file data-v7.csv (CSV, C-alpha atoms and all ligand atoms)
chain,number,residue,atom,x,y,z
A,1,MET,CA,3.3,-20.7,-3.6
A,2,ASN,CA,6.1,-18.8,-5.2
A,3,PHE,CA,5.8,-15.0,-4.8
A,4,PHE,CA,8.4,-13.1,-6.8
A,5,GLY,CA,8.3,-10.0,-4.6
A,6,ASP,CA,7.0,-8.3,-1.5
A,7,TYR,CA,6.0,-4.7,-2.4
A,8,HIS,CA,4.8,-3.3,1.0
A,9,THR,CA,7.4,-3.2,3.8
A,10,HIS,CA,8.2,-0.7,6.4
A,11,THR,CA,11.6,0.4,7.9
A,12,ILE,CA,12.9,2.9,10.3
A,13,PHE,CA,13.1,5.4,7.4
A,14,SER,CA,9.7,6.6,8.6
A,15,ARG,CA,10.9,7.5,12.0
A,16,LYS,CA,10.2,10.9,13.4
A,17,PRO,CA,13.1,12.3,15.4
A,18,PHE,CA,10.9,13.5,18.2
A,19,LEU,CA,9.5,10.1,19.0
A,20,PRO,CA,11.4,7.9,21.5
A,21,PHE,CA,10.5,4.7,19.7
A,22,ASN,CA,10.5,3.3,16.2
A,23,HIS,CA,7.3,2.4,14.4
A,24,ALA,CA,9.0,-0.3,12.3
A,25,LYS,CA,12.0,-2.2,13.5
A,26,GLY,CA,14.4,-2.8,10.6
A,27,THR,CA,16.8,-0.7,8.5
A,28,LEU,CA,16.7,-0.7,4.8
A,29,GLU,CA,19.5,-3.3,4.8
A,30,ASP,CA,17.7,-5.5,7.3
A,31,ASN,CA,14.6,-5.7,5.0
A,32,ILE,CA,16.7,-6.3,1.9
A,33,LYS,CA,18.7,-9.0,3.6
A,34,ALA,CA,15.5,-10.6,4.8
A,35,ALA,CA,14.1,-10.5,1.2
A,36,LYS,CA,17.2,-12.2,-0.1
A,37,GLN,CA,17.0,-14.9,2.6
A,38,MET,CA,13.3,-15.5,1.7
A,39,GLY,CA,14.3,-16.0,-1.9
A,40,LEU,CA,12.5,-13.0,-3.2
A,41,LYS,CA,13.6,-11.4,-6.4
A,42,GLU,CA,12.1,-8.0,-5.8
A,43,LEU,CA,11.3,-5.9,-2.8
A,44,ALA,CA,9.7,-2.5,-2.2
A,45,ILE,CA,10.4,-0.2,0.8
A,46,THR,CA,7.2,1.6,1.3
A,47,ASP,CA,7.1,3.7,4.5
A,48,HIS,CA,4.2,5.9,5.5
A,49,GLY,CA,3.3,9.0,3.5
A,50,PHE,CA,4.5,12.5,4.2
A,51,ASN,CA,1.3,13.6,6.0
A,52,HIS,CA,1.2,10.9,8.6
A,53,LYS,CA,1.4,12.6,12.0
A,54,TYR,CA,3.9,10.2,13.6
A,55,PHE,CA,5.5,7.8,11.1
A,56,SER,CA,6.0,9.7,7.9
A,57,CYS,CA,9.1,9.4,5.6
A,58,SER,CA,10.9,12.6,5.0
A,59,ARG,CA,11.1,14.5,1.7
A,60,LYS,CA,14.6,15.7,2.6
A,61,LYS,CA,15.9,12.2,2.8
A,62,MET,CA,14.4,10.8,-0.4
A,63,LEU,CA,17.5,11.3,-2.5
A,64,SER,CA,19.9,9.7,0.1
A,65,THR,CA,17.4,6.8,0.7
A,66,LYS,CA,17.2,6.2,-3.0
A,67,GLN,CA,21.0,6.1,-3.4
A,68,GLU,CA,21.3,3.7,-0.4
A,69,ILE,CA,18.6,1.5,-1.9
A,70,LEU,CA,20.5,1.3,-5.2
A,71,ARG,CA,23.7,0.4,-3.4
A,72,LEU,CA,22.1,-2.4,-1.4
A,73,SER,CA,20.1,-3.6,-4.3
A,74,GLN,CA,23.4,-4.4,-6.0
A,75,LYS,CA,25.1,-5.8,-2.9
A,76,TYR,CA,22.3,-8.3,-2.3
A,77,ASP,CA,21.2,-8.9,-5.9
A,78,VAL,CA,17.6,-8.1,-5.1
A,79,LYS,CA,15.8,-5.5,-7.2
A,80,VAL,CA,14.6,-2.9,-4.7
A,81,TYR,CA,12.0,-0.2,-5.4
A,82,LEU,CA,11.5,2.9,-3.4
A,83,GLY,CA,7.8,3.4,-2.8
A,84,VAL,CA,5.5,5.1,-0.3
A,85,GLU,CA,2.3,4.1,1.5
A,86,ALA,CA,0.5,7.3,0.9
A,87,ASN,CA,-2.6,8.5,2.9
A,88,PHE,CA,-6.0,9.5,1.8
A,89,LEU,CA,-6.3,13.1,3.0
A,90,SER,CA,-9.6,14.4,1.7
A,91,GLN,CA,-12.9,13.5,0.3
A,92,ASP,CA,-11.9,15.3,-2.9
A,93,GLY,CA,-9.3,12.5,-3.5
A,94,THR,CA,-6.2,14.3,-2.4
A,95,ILE,CA,-3.4,12.0,-1.2
A,96,ASP,CA,0.0,13.0,0.2
A,97,VAL,CA,2.1,12.5,-2.9
A,98,ILE,CA,2.8,15.5,-5.1
A,99,PRO,CA,4.2,15.2,-8.7
A,100,LYS,CA,7.7,16.2,-7.6
A,101,ASP,CA,7.9,13.2,-5.3
A,102,MET,CA,7.8,10.9,-8.4
A,103,GLU,CA,11.4,12.0,-9.1
A,104,TYR,CA,12.4,9.5,-6.4
A,105,LEU,CA,9.4,7.2,-6.1
A,106,ASP,CA,9.0,4.0,-8.2
A,107,ILE,CA,5.7,2.9,-6.8
A,108,VAL,CA,2.8,4.5,-4.9
A,109,LEU,CA,0.6,2.5,-2.5
A,110,CYS,CA,-2.3,4.3,-0.8
A,111,GLY,CA,-4.4,3.4,2.2
A,112,TYR,CA,-6.5,4.8,4.9
A,113,HIS,CA,-4.6,5.7,8.1
A,114,LYS,CA,-6.5,7.4,11.0
A,115,LEU,CA,-3.3,9.2,12.0
A,116,ALA,CA,-2.9,11.1,8.7
A,117,LYS,CA,-3.3,14.9,8.8
A,118,PRO,CA,-6.6,15.7,6.9
A,119,LYS,CA,-6.5,18.3,4.2
A,120,ARG,CA,-9.2,20.4,5.6
A,121,LEU,CA,-11.1,20.7,8.8
A,122,SER,CA,-14.2,19.4,7.0
A,123,ASP,CA,-12.3,16.2,6.1
A,124,LYS,CA,-11.5,15.7,9.7
A,125,PHE,CA,-15.1,15.9,10.7
A,126,LYS,CA,-16.6,14.1,7.7
A,127,ILE,CA,-14.0,11.3,7.4
A,128,PHE,CA,-11.5,10.9,10.2
A,129,VAL,CA,-13.6,11.4,13.3
A,130,PRO,CA,-16.6,9.4,12.1
A,131,ASN,CA,-14.4,6.5,10.9
A,132,PHE,CA,-12.7,6.5,14.3
A,133,PHE,CA,-16.1,6.0,16.0
A,134,ALA,CA,-17.3,3.6,13.3
A,135,ASN,CA,-14.7,1.1,14.5
A,136,TYR,CA,-16.6,0.9,17.8
A,137,PHE,CA,-20.2,1.6,16.8
A,138,GLY,CA,-20.4,0.5,13.1
A,139,THR,CA,-20.4,2.4,9.8
A,140,SER,CA,-23.5,4.2,8.7
A,141,LYS,CA,-24.6,3.9,5.1
A,142,LYS,CA,-23.8,7.6,4.6
A,143,LEU,CA,-20.3,7.2,5.9
A,144,LYS,CA,-19.7,4.1,3.8
A,145,GLU,CA,-20.8,6.1,0.7
A,146,ARG,CA,-18.5,8.9,1.6
A,147,ASN,CA,-15.5,6.6,2.2
A,148,THR,CA,-16.2,4.9,-1.2
A,149,GLN,CA,-16.3,8.2,-3.0
A,150,MET,CA,-13.1,9.3,-1.4
A,151,ILE,CA,-11.2,6.2,-2.6
A,152,ILE,CA,-12.7,6.5,-6.0
A,153,ASN,CA,-11.8,10.1,-6.3
A,154,ALA,CA,-8.2,9.3,-5.2
A,155,ILE,CA,-7.8,6.6,-7.8
A,156,GLU,CA,-9.2,8.9,-10.4
A,157,LYS,CA,-7.1,11.9,-9.5
A,158,ASN,CA,-3.7,10.2,-8.8
A,159,SER,CA,-1.6,7.5,-10.3
A,160,ILE,CA,-2.0,4.9,-7.5
A,161,ASP,CA,-0.4,1.5,-8.1
A,162,VAL,CA,-1.9,-0.3,-5.2
A,163,ILE,CA,-4.8,0.2,-2.7
A,164,THR,CA,-3.6,-1.2,0.6
A,165,HIS,CA,-5.7,-3.0,3.2
A,166,LEU,CA,-9.0,-2.0,1.5
A,167,ASN,CA,-12.0,-2.1,3.8
A,168,ASN,CA,-9.9,-2.4,6.9
A,169,LYS,CA,-10.6,0.2,9.5
A,170,MET,CA,-12.6,2.2,7.0
A,171,LYS,CA,-15.6,0.5,5.5
A,172,CYS,CA,-16.4,1.1,1.8
A,173,ASP,CA,-18.3,-0.5,-1.1
A,174,VAL,CA,-15.6,-2.9,-2.3
A,175,LEU,CA,-17.3,-3.6,-5.6
A,176,GLU,CA,-17.5,0.1,-6.6
A,177,VAL,CA,-13.9,0.7,-5.6
A,178,ALA,CA,-12.8,-2.4,-7.6
A,179,LYS,CA,-14.6,-1.2,-10.7
A,180,LYS,CA,-12.7,2.1,-10.6
A,181,ALA,CA,-9.4,0.3,-9.8
A,182,VAL,CA,-9.9,-1.9,-12.9
A,183,GLU,CA,-10.6,1.1,-15.0
A,184,LYS,CA,-7.4,2.8,-13.9
A,185,GLY,CA,-5.1,-0.2,-13.6
A,186,THR,CA,-4.8,0.0,-9.8
A,187,LEU,CA,-4.1,-3.2,-8.0
A,188,ILE,CA,-5.9,-4.4,-4.9
A,189,GLU,CA,-3.8,-5.7,-2.0
A,190,LEU,CA,-4.1,-8.9,-0.2
A,191,ASN,CA,-2.4,-7.7,3.0
A,192,GLU,CA,-1.0,-10.4,5.3
A,193,LYS,CA,-1.3,-8.2,8.3
A,194,HIS,CA,-4.7,-6.5,7.7
A,195,CYS,CA,-7.0,-8.5,5.5
A,196,THR,CA,-10.7,-8.6,6.3
A,197,PHE,CA,-12.1,-9.5,2.9
A,198,THR,CA,-15.1,-11.7,2.9
A,199,GLU,CA,-15.6,-14.4,0.2
A,200,LYS,CA,-18.3,-12.1,-1.4
A,201,GLU,CA,-15.9,-9.2,-1.5
A,202,VAL,CA,-13.2,-11.3,-3.1
A,203,ARG,CA,-15.8,-12.6,-5.7
A,204,ASP,CA,-16.9,-9.1,-6.4
A,205,ILE,CA,-13.4,-8.0,-7.1
A,206,LEU,CA,-12.8,-11.0,-9.3
A,207,ASN,CA,-16.1,-10.5,-11.2
A,208,VAL,CA,-15.2,-7.0,-12.3
A,209,GLY,CA,-11.7,-8.0,-13.4
A,210,GLY,CA,-9.8,-6.9,-10.4
A,211,MET,CA,-6.1,-7.8,-9.9
A,212,PHE,CA,-4.5,-8.7,-6.6
A,213,LEU,CA,-1.1,-8.1,-5.2
A,214,VAL,CA,0.0,-10.1,-2.1
A,215,ASP,CA,2.1,-8.1,0.4
A,216,SER,CA,3.3,-8.7,3.9
A,217,ASP,CA,3.1,-5.1,5.2
A,218,ALA,CA,6.1,-6.2,7.3
A,219,HIS,CA,7.0,-3.8,10.1
A,220,ARG,CA,10.0,-6.0,11.1
A,221,PRO,CA,12.5,-7.8,8.9
A,222,GLU,CA,11.4,-11.3,9.9
A,223,LYS,CA,8.0,-10.7,8.4
A,224,VAL,CA,9.3,-9.8,5.0
A,225,GLY,CA,8.1,-12.2,2.3
A,226,LYS,CA,5.9,-14.2,4.6
A,227,PHE,CA,2.3,-14.7,3.3
A,228,LYS,CA,0.9,-17.7,5.1
A,229,ARG,CA,-2.5,-16.2,5.9
A,230,MET,CA,-2.9,-14.9,2.4
A,231,GLU,CA,-1.9,-18.3,0.9
A,232,SER,CA,-4.7,-19.9,2.9
A,233,LEU,CA,-7.1,-17.2,1.7
A,234,ILE,CA,-6.1,-17.7,-1.9
A,235,GLU,CA,-6.7,-21.5,-1.5
A,236,LYS,CA,-9.9,-21.1,0.4
A,237,TYR,CA,-11.5,-18.7,-2.0
A,238,ASN,CA,-9.9,-20.3,-5.0
A,239,ILE,CA,-8.4,-17.1,-6.5
A,240,PRO,CA,-6.9,-17.9,-9.9
A,241,GLU,CA,-3.2,-17.6,-10.2
A,242,GLU,CA,-3.4,-15.3,-13.1
A,243,ARG,CA,-5.3,-12.7,-11.0
A,244,ILE,CA,-2.4,-12.5,-8.5
A,245,VAL,CA,0.2,-10.3,-10.1
A,246,ASN,CA,3.2,-11.4,-8.0
A,247,LEU,CA,2.5,-15.1,-7.9
A,248,ASN,CA,4.9,-16.9,-10.2
A,249,LYS,CA,5.5,-13.7,-12.1
A,250,PHE,CA,6.6,-10.1,-11.8
A,251,PRO,CA,3.9,-7.4,-11.4
A,252,GLU,CA,3.7,-4.4,-13.7
A,253,PHE,CA,3.2,-1.1,-11.9
A,254,LEU,CA,1.5,1.9,-13.4
A,255,ASN,CA,4.1,4.4,-12.3
A,256,LEU,CA,7.1,2.3,-13.4
A,257,LYS,CA,5.5,1.7,-16.8
A,258,ARG,CA,5.0,5.5,-17.1
A,259,LYS,CA,8.7,6.2,-16.1
A,260,ILE,CA,10.0,3.7,-18.7
A,261,ASN,CA,7.7,5.1,-21.4
A,262,ASN,CA,8.8,8.7,-20.7
A,263,LYS,CA,12.5,7.8,-20.9
A,301,ZN,ZN,-1.2,0.8,6.1
A,302,ZN,ZN,1.8,-0.5,5.7
call {"tool": "encode", "arguments": {"input": "data-v7.csv", "output": "structure tokens", "more": "lines below"}}
Ligand SMILES: [Zn+2]
Ligand SMILES: [Zn+2]
result
Amino acid sequence: MNFFGDYHTHTIFSRKPFLPFNHAKGTLEDNIKAAKQMGLKELAITDHGFNHKYFSCSRKKMLSTKQEILRLSQKYDVKVYLGVEANFLSQDGTIDVIPKDMEYLDIVLCGYHKLAKPKRLSDKFKIFVPNFFANYFGTSKKLKERNTQMIINAIEKNSIDVITHLNNKMKCDVLEVAKKAVEKGTLIELNEKHCTFTEKEVRDILNVGGMFLVDSDAHRPEKVGKFKRMESLIEKYNIPEERIVNLNKFPEFLNLKRKINNK
């Protein structure tokens, strides 16, 4: 299968100076070089959002990172986007991207990460703590409804290009999320690293018109552009090529389209 780009990769850009280790292993250049070697035409650098406790990218470094990306993009002849993997922070749909960030960001991914800083104390106790325990004891119906509503609110309130690793580590009603995603033009990710979709969930997404984006979620350069697990899933569940936005074509992202239209 020929994927034109990988739009979810991590680098040491999201390193916190106080931590003795790196969350991801490669530099910007390592990932871009890897993308070139894999024959990708496009790549996105999407480090963790600003409210992640340990691995967030820094607002202060956005401009210099963007400039570096532009330089490397030309050097390797790969189109490289600067994105972010934002965090859900609150039941009300708040994520950790503010309008000003869009000055530098091309695309916005968003996913659930247990190490994000909740917006309010009530979010900590209604979302983050129960979902932590749900990984061991199962998700109650009430929590699942709350999770679903949080994602729907976030898609409604923000311009989110892609929902990452949906239903992984935070269970929700995939069908309801997919309906909202279709309404707003948000893509649903097939994440090589964390994909737990059942056949029914894939069918539900397809039945309501959902569109998939295949990503590696690479945390080291050698994983960039490798989608073996997702290729098997696509074959196994017979997902039509036209429903995968980066298979044999370039995806269109909401935020990029808006930027072009505003110019
Ligand atoms: Zn993630
Ligand atoms: Zn990620």
call {"tool": "residues_near_point", "arguments": {"input": "data-v7.csv", "point": "(7.4, -0.8, 10.5)", "cutoff": "12 Å", "atoms": "all atoms listed in the file", "output": "PyMOL selection string"}}
result
chain A and resi 8-15+21-28+30-31+45-48+54-57+85+193+216-224
call {"tool": "residues_near_ligand", "arguments": {"input": "data-v7.csv", "ligand": "ligand ZN 301 (chain A)", "cutoff": "7 Å", "atoms": "all atoms listed in the file", "output": "VMD selection string"}}
result
chain A and resid 85 111 to 113 164 to 165
call {"tool": "write_last_selection", "arguments": {"input": "data-v7.csv", "atoms": "C-alpha atoms", "output": "PDB file, in the coordinates of the input"}}
result
ATOM      1  CA  GLU A  85       2.300   4.100   1.500  1.00  0.00           C
ATOM      2  CA  GLY A 111      -4.400   3.400   2.200  1.00  0.00           C
ATOM      3  CA  TYR A 112      -6.500   4.800   4.900  1.00  0.00           C
ATOM      4  CA  HIS A 113      -4.600   5.700   8.100  1.00  0.00           C
ATOM      5  CA  THR A 164      -3.600  -1.200   0.600  1.00  0.00           C
ATOM      6  CA  HIS A 165      -5.700  -3.000   3.200  1.00  0.00           C
TER       7      HIS A 165
END
call {"tool": "residues_around", "arguments": {"input": "data-v7.csv", "residues": "Phe128 of chain A", "least_positions_apart": "5", "cutoff": "8 Å", "atoms": "all atoms listed in the file", "output": "mmCIF file with C-alpha atoms, in the coordinates of the input"}}
result
data_model
loop_
_atom_site.group_PDB
_atom_site.id
_atom_site.type_symbol
_atom_site.label_atom_id
_atom_site.label_comp_id
_atom_site.auth_asym_id
_atom_site.auth_seq_id
_atom_site.Cartn_x
_atom_site.Cartn_y
_atom_site.Cartn_z
ATOM 1 C CA LYS A 114 -6.500 7.400 11.000
ATOM 2 C CA PRO A 118 -6.600 15.700 6.900
ATOM 3 C CA ASP A 123 -12.300 16.200 6.100
#
call {"tool": "atom_distance", "arguments": {"input": "data-v7.csv", "atom1": "atom CA of Leu115 of chain A", "atom2": "atom CA of Lys141 of chain A"}}
result
23.0 Å
call {"tool": "atom_distance", "arguments": {"input": "data-v7.csv", "atom1": "atom CA of Pro240 of chain A", "atom2": "atom CA of Leu40 of chain A"}}
result
21.1 Å
call {"tool": "closest_atom_pairs", "arguments": {"input": "data-v7.csv", "of": "segment 15-110 of chain A", "to": "segment 252-260 of chain A", "cutoff": "10 Å", "atoms": "all atoms listed in the file", "output": "JSON lines"}}
result
{"residue": "A:Tyr81", "atom": "CA", "partner": "A:Leu256", "partner_atom": "CA", "distance": 9.7}
{"residue": "A:Met102", "atom": "CA", "partner": "A:Asn255", "partner_atom": "CA", "distance": 8.4}
{"residue": "A:Glu103", "atom": "CA", "partner": "A:Lys259", "partner_atom": "CA", "distance": 9.5}
{"residue": "A:Leu105", "atom": "CA", "partner": "A:Asn255", "partner_atom": "CA", "distance": 8.6}
{"residue": "A:Asp106", "atom": "CA", "partner": "A:Leu256", "partner_atom": "CA", "distance": 5.8}
{"residue": "A:Ile107", "atom": "CA", "partner": "A:Asn255", "partner_atom": "CA", "distance": 5.9}
{"residue": "A:Val108", "atom": "CA", "partner": "A:Asn255", "partner_atom": "CA", "distance": 7.5}
call {"tool": "closest_residue", "arguments": {"input": "data-v7.csv", "among": "A:Arg243, A:His194, A:Arg146, A:Arg59", "to": "ligand ZN 302 (chain A)", "atoms": "all atoms listed in the file"}}
result
A:His194
call {"tool": "closest_residue", "arguments": {"input": "data-v7.csv", "among": "A:Ser122, A:Asn168, A:Gln37, A:Ser58", "to": "ligand ZN 302 (chain A)", "atoms": "only C-alpha atoms and all ligand atoms"}}
result
A:Asn168
call {"tool": "closest_residue", "arguments": {"input": "data-v7.csv", "among": "A:Ile98, A:Val84, A:Ala34, A:Leu89", "to": "ligand ZN 302 (chain A)", "atoms": "only C-alpha atoms and all ligand atoms"}}
result
A:Val84
call {"tool": "atom_distance", "arguments": {"input": "data-v7.csv", "atom1": "atom CA of Leu166 of chain A", "atom2": "atom CA of Lys226 of chain A"}}
result
19.5 Å
call {"tool": "closest_residue", "arguments": {"input": "data-v7.csv", "among": "A:Glu68, A:Lys144, A:Leu190, A:Met150", "to": "ligand ZN 302 (chain A)", "atoms": "all atoms listed in the file"}}
result
A:Leu190
call {"tool": "closest_residue", "arguments": {"input": "data-v7.csv", "among": "A:Met62, A:Met1, A:Cys110, A:Ile95", "to": "ligand ZN 302 (chain A)", "atoms": "all atoms listed in the file"}}
result
A:Cys110
call {"tool": "residues_around", "arguments": {"input": "data-v7.csv", "residues": "segment 171-174 of chain A", "least_positions_apart": "4", "cutoff": "10 Å", "atoms": "all atoms listed in the file", "output": "list in words"}}
result
Asn131, Ala134, Asn135, Gly138, Thr139, Ser140, Lys141, Leu143, Lys144, Glu145, Arg146, Asn147, Thr148, Gln149, Met150, Ile151, Leu166, Asn167, Ala178, Lys179, Phe197, Lys200, Glu201, Val202, Asp204 and Ile205 of chain A
call {"tool": "residues_around", "arguments": {"input": "data-v7.csv", "residues": "Leu233 of chain A", "least_positions_apart": "2", "cutoff": "10 Å", "atoms": "only C-alpha atoms", "output": "ChimeraX atom specification"}}
result
/A:190,192,195,197-199,202,227-231,235-239
call {"tool": "residues_around", "arguments": {"input": "data-v7.csv", "residues": "Ser159 of chain A", "least_positions_apart": "2", "cutoff": "9 Å", "atoms": "all atoms listed in the file", "output": "PyMOL selection string"}}
result
chain A and resi 108+154-157+161+184+186+254-255
call {"tool": "write_last_selection", "arguments": {"input": "data-v7.csv", "atoms": "C-alpha atoms", "output": "CSV table (one decimal), in the frame of the given file"}}
result
chain,number,residue,atom,x,y,z
A,108,VAL,CA,2.8,4.5,-4.9
A,154,ALA,CA,-8.2,9.3,-5.2
A,155,ILE,CA,-7.8,6.6,-7.8
A,156,GLU,CA,-9.2,8.9,-10.4
A,157,LYS,CA,-7.1,11.9,-9.5
A,161,ASP,CA,-0.4,1.5,-8.1
A,184,LYS,CA,-7.4,2.8,-13.9
A,186,THR,CA,-4.8,0.0,-9.8
A,254,LEU,CA,1.5,1.9,-13.4
A,255,ASN,CA,4.1,4.4,-12.3
call {"tool": "closest_residue", "arguments": {"input": "data-v7.csv", "among": "A:Asn261, A:Asn153, A:Lys66, A:Gly225", "to": "Leu43 of chain A", "atoms": "only C-alpha atoms"}}
result
A:Gly225
call {"tool": "residues_around", "arguments": {"input": "data-v7.csv", "residues": "Leu247 of chain A", "least_positions_apart": "4", "cutoff": "8 Å", "atoms": "only C-alpha atoms", "output": "MDAnalysis selection string"}}
result
chainID A and resid 1:4 241:242
call {"tool": "build_atoms", "arguments": {"input": "data-v7.csv", "residues": "segment 203-230 of chain A", "atoms": "N, CA and C atoms", "output": "short mmCIF file (atom, residue, chain, number, x, y, z; two decimals), in the frame of the given file"}}
result
data_model
loop_
_atom_site.label_atom_id
_atom_site.label_comp_id
_atom_site.auth_asym_id
_atom_site.auth_seq_id
_atom_site.Cartn_x
_atom_site.Cartn_y
_atom_site.Cartn_z
N ARG A 203 -15.04 -12.29 -4.44
CA ARG A 203 -15.80 -12.60 -5.70
C ARG A 203 -16.11 -11.38 -6.47
N ASP A 204 -16.58 -10.35 -5.74
CA ASP A 204 -16.90 -9.10 -6.40
C ASP A 204 -15.73 -8.51 -7.15
N ILE A 205 -14.58 -8.52 -6.48
CA ILE A 205 -13.40 -8.00 -7.10
C ILE A 205 -13.02 -8.78 -8.34
N LEU A 206 -13.08 -10.11 -8.21
CA LEU A 206 -12.80 -11.00 -9.30
C LEU A 206 -13.74 -10.79 -10.50
N ASN A 207 -15.03 -10.66 -10.16
CA ASN A 207 -16.10 -10.50 -11.20
C ASN A 207 -15.93 -9.31 -12.06
N VAL A 208 -15.38 -8.23 -11.48
CA VAL A 208 -15.20 -7.00 -12.30
C VAL A 208 -13.83 -6.94 -12.94
N GLY A 209 -13.04 -7.99 -12.75
CA GLY A 209 -11.70 -8.00 -13.40
C GLY A 209 -10.57 -7.51 -12.55
N GLY A 210 -10.79 -7.39 -11.24
CA GLY A 210 -9.80 -6.90 -10.40
C GLY A 210 -8.52 -7.76 -10.27
N MET A 211 -7.38 -7.12 -10.04
CA MET A 211 -6.10 -7.80 -9.90
C MET A 211 -5.57 -7.64 -8.51
N PHE A 212 -5.05 -8.73 -7.95
CA PHE A 212 -4.50 -8.70 -6.60
C PHE A 212 -3.00 -8.67 -6.54
N LEU A 213 -2.49 -8.01 -5.50
CA LEU A 213 -1.10 -8.10 -5.20
C LEU A 213 -0.96 -8.54 -3.74
N VAL A 214 -0.15 -9.57 -3.50
CA VAL A 214 0.00 -10.10 -2.10
C VAL A 214 1.23 -9.42 -1.50
N ASP A 215 1.00 -8.84 -0.32
CA ASP A 215 2.10 -8.10 0.40
C ASP A 215 2.09 -8.51 1.86
N SER A 216 3.26 -8.34 2.49
CA SER A 216 3.30 -8.70 3.90
C SER A 216 2.96 -7.49 4.81
N ASP A 217 3.21 -6.25 4.35
CA ASP A 217 3.10 -5.10 5.20
C ASP A 217 3.96 -5.26 6.46
N ALA A 218 5.14 -5.84 6.23
CA ALA A 218 6.10 -6.20 7.30
C ALA A 218 6.53 -4.89 8.03
N HIS A 219 6.47 -4.89 9.35
CA HIS A 219 7.00 -3.80 10.10
C HIS A 219 8.30 -4.23 10.85
N ARG A 220 8.70 -5.49 10.61
CA ARG A 220 10.00 -6.00 11.10
C ARG A 220 10.53 -6.96 10.07
N PRO A 221 11.86 -7.02 9.97
CA PRO A 221 12.50 -7.80 8.90
C PRO A 221 12.01 -9.26 8.82
N GLU A 222 11.79 -9.88 9.98
CA GLU A 222 11.40 -11.30 9.90
C GLU A 222 10.06 -11.59 9.33
N LYS A 223 9.30 -10.52 9.07
CA LYS A 223 8.00 -10.70 8.40
C LYS A 223 8.03 -10.52 6.92
N VAL A 224 9.14 -10.05 6.42
CA VAL A 224 9.30 -9.80 5.00
C VAL A 224 9.09 -11.09 4.19
N GLY A 225 8.27 -11.04 3.15
CA GLY A 225 8.10 -12.20 2.30
C GLY A 225 7.32 -13.37 2.86
N LYS A 226 6.67 -13.15 3.98
CA LYS A 226 5.90 -14.20 4.60
C LYS A 226 4.38 -13.94 4.37
N PHE A 227 3.71 -14.91 3.72
CA PHE A 227 2.30 -14.70 3.30
C PHE A 227 1.40 -15.81 3.67
N LYS A 228 1.66 -16.45 4.78
CA LYS A 228 0.90 -17.70 5.10
C LYS A 228 -0.61 -17.48 5.15
N ARG A 229 -1.06 -16.40 5.81
CA ARG A 229 -2.50 -16.20 5.90
C ARG A 229 -3.11 -15.95 4.52
N MET A 230 -2.40 -15.19 3.70
CA MET A 230 -2.90 -14.90 2.40
C MET A 230 -2.88 -16.15 1.46
#
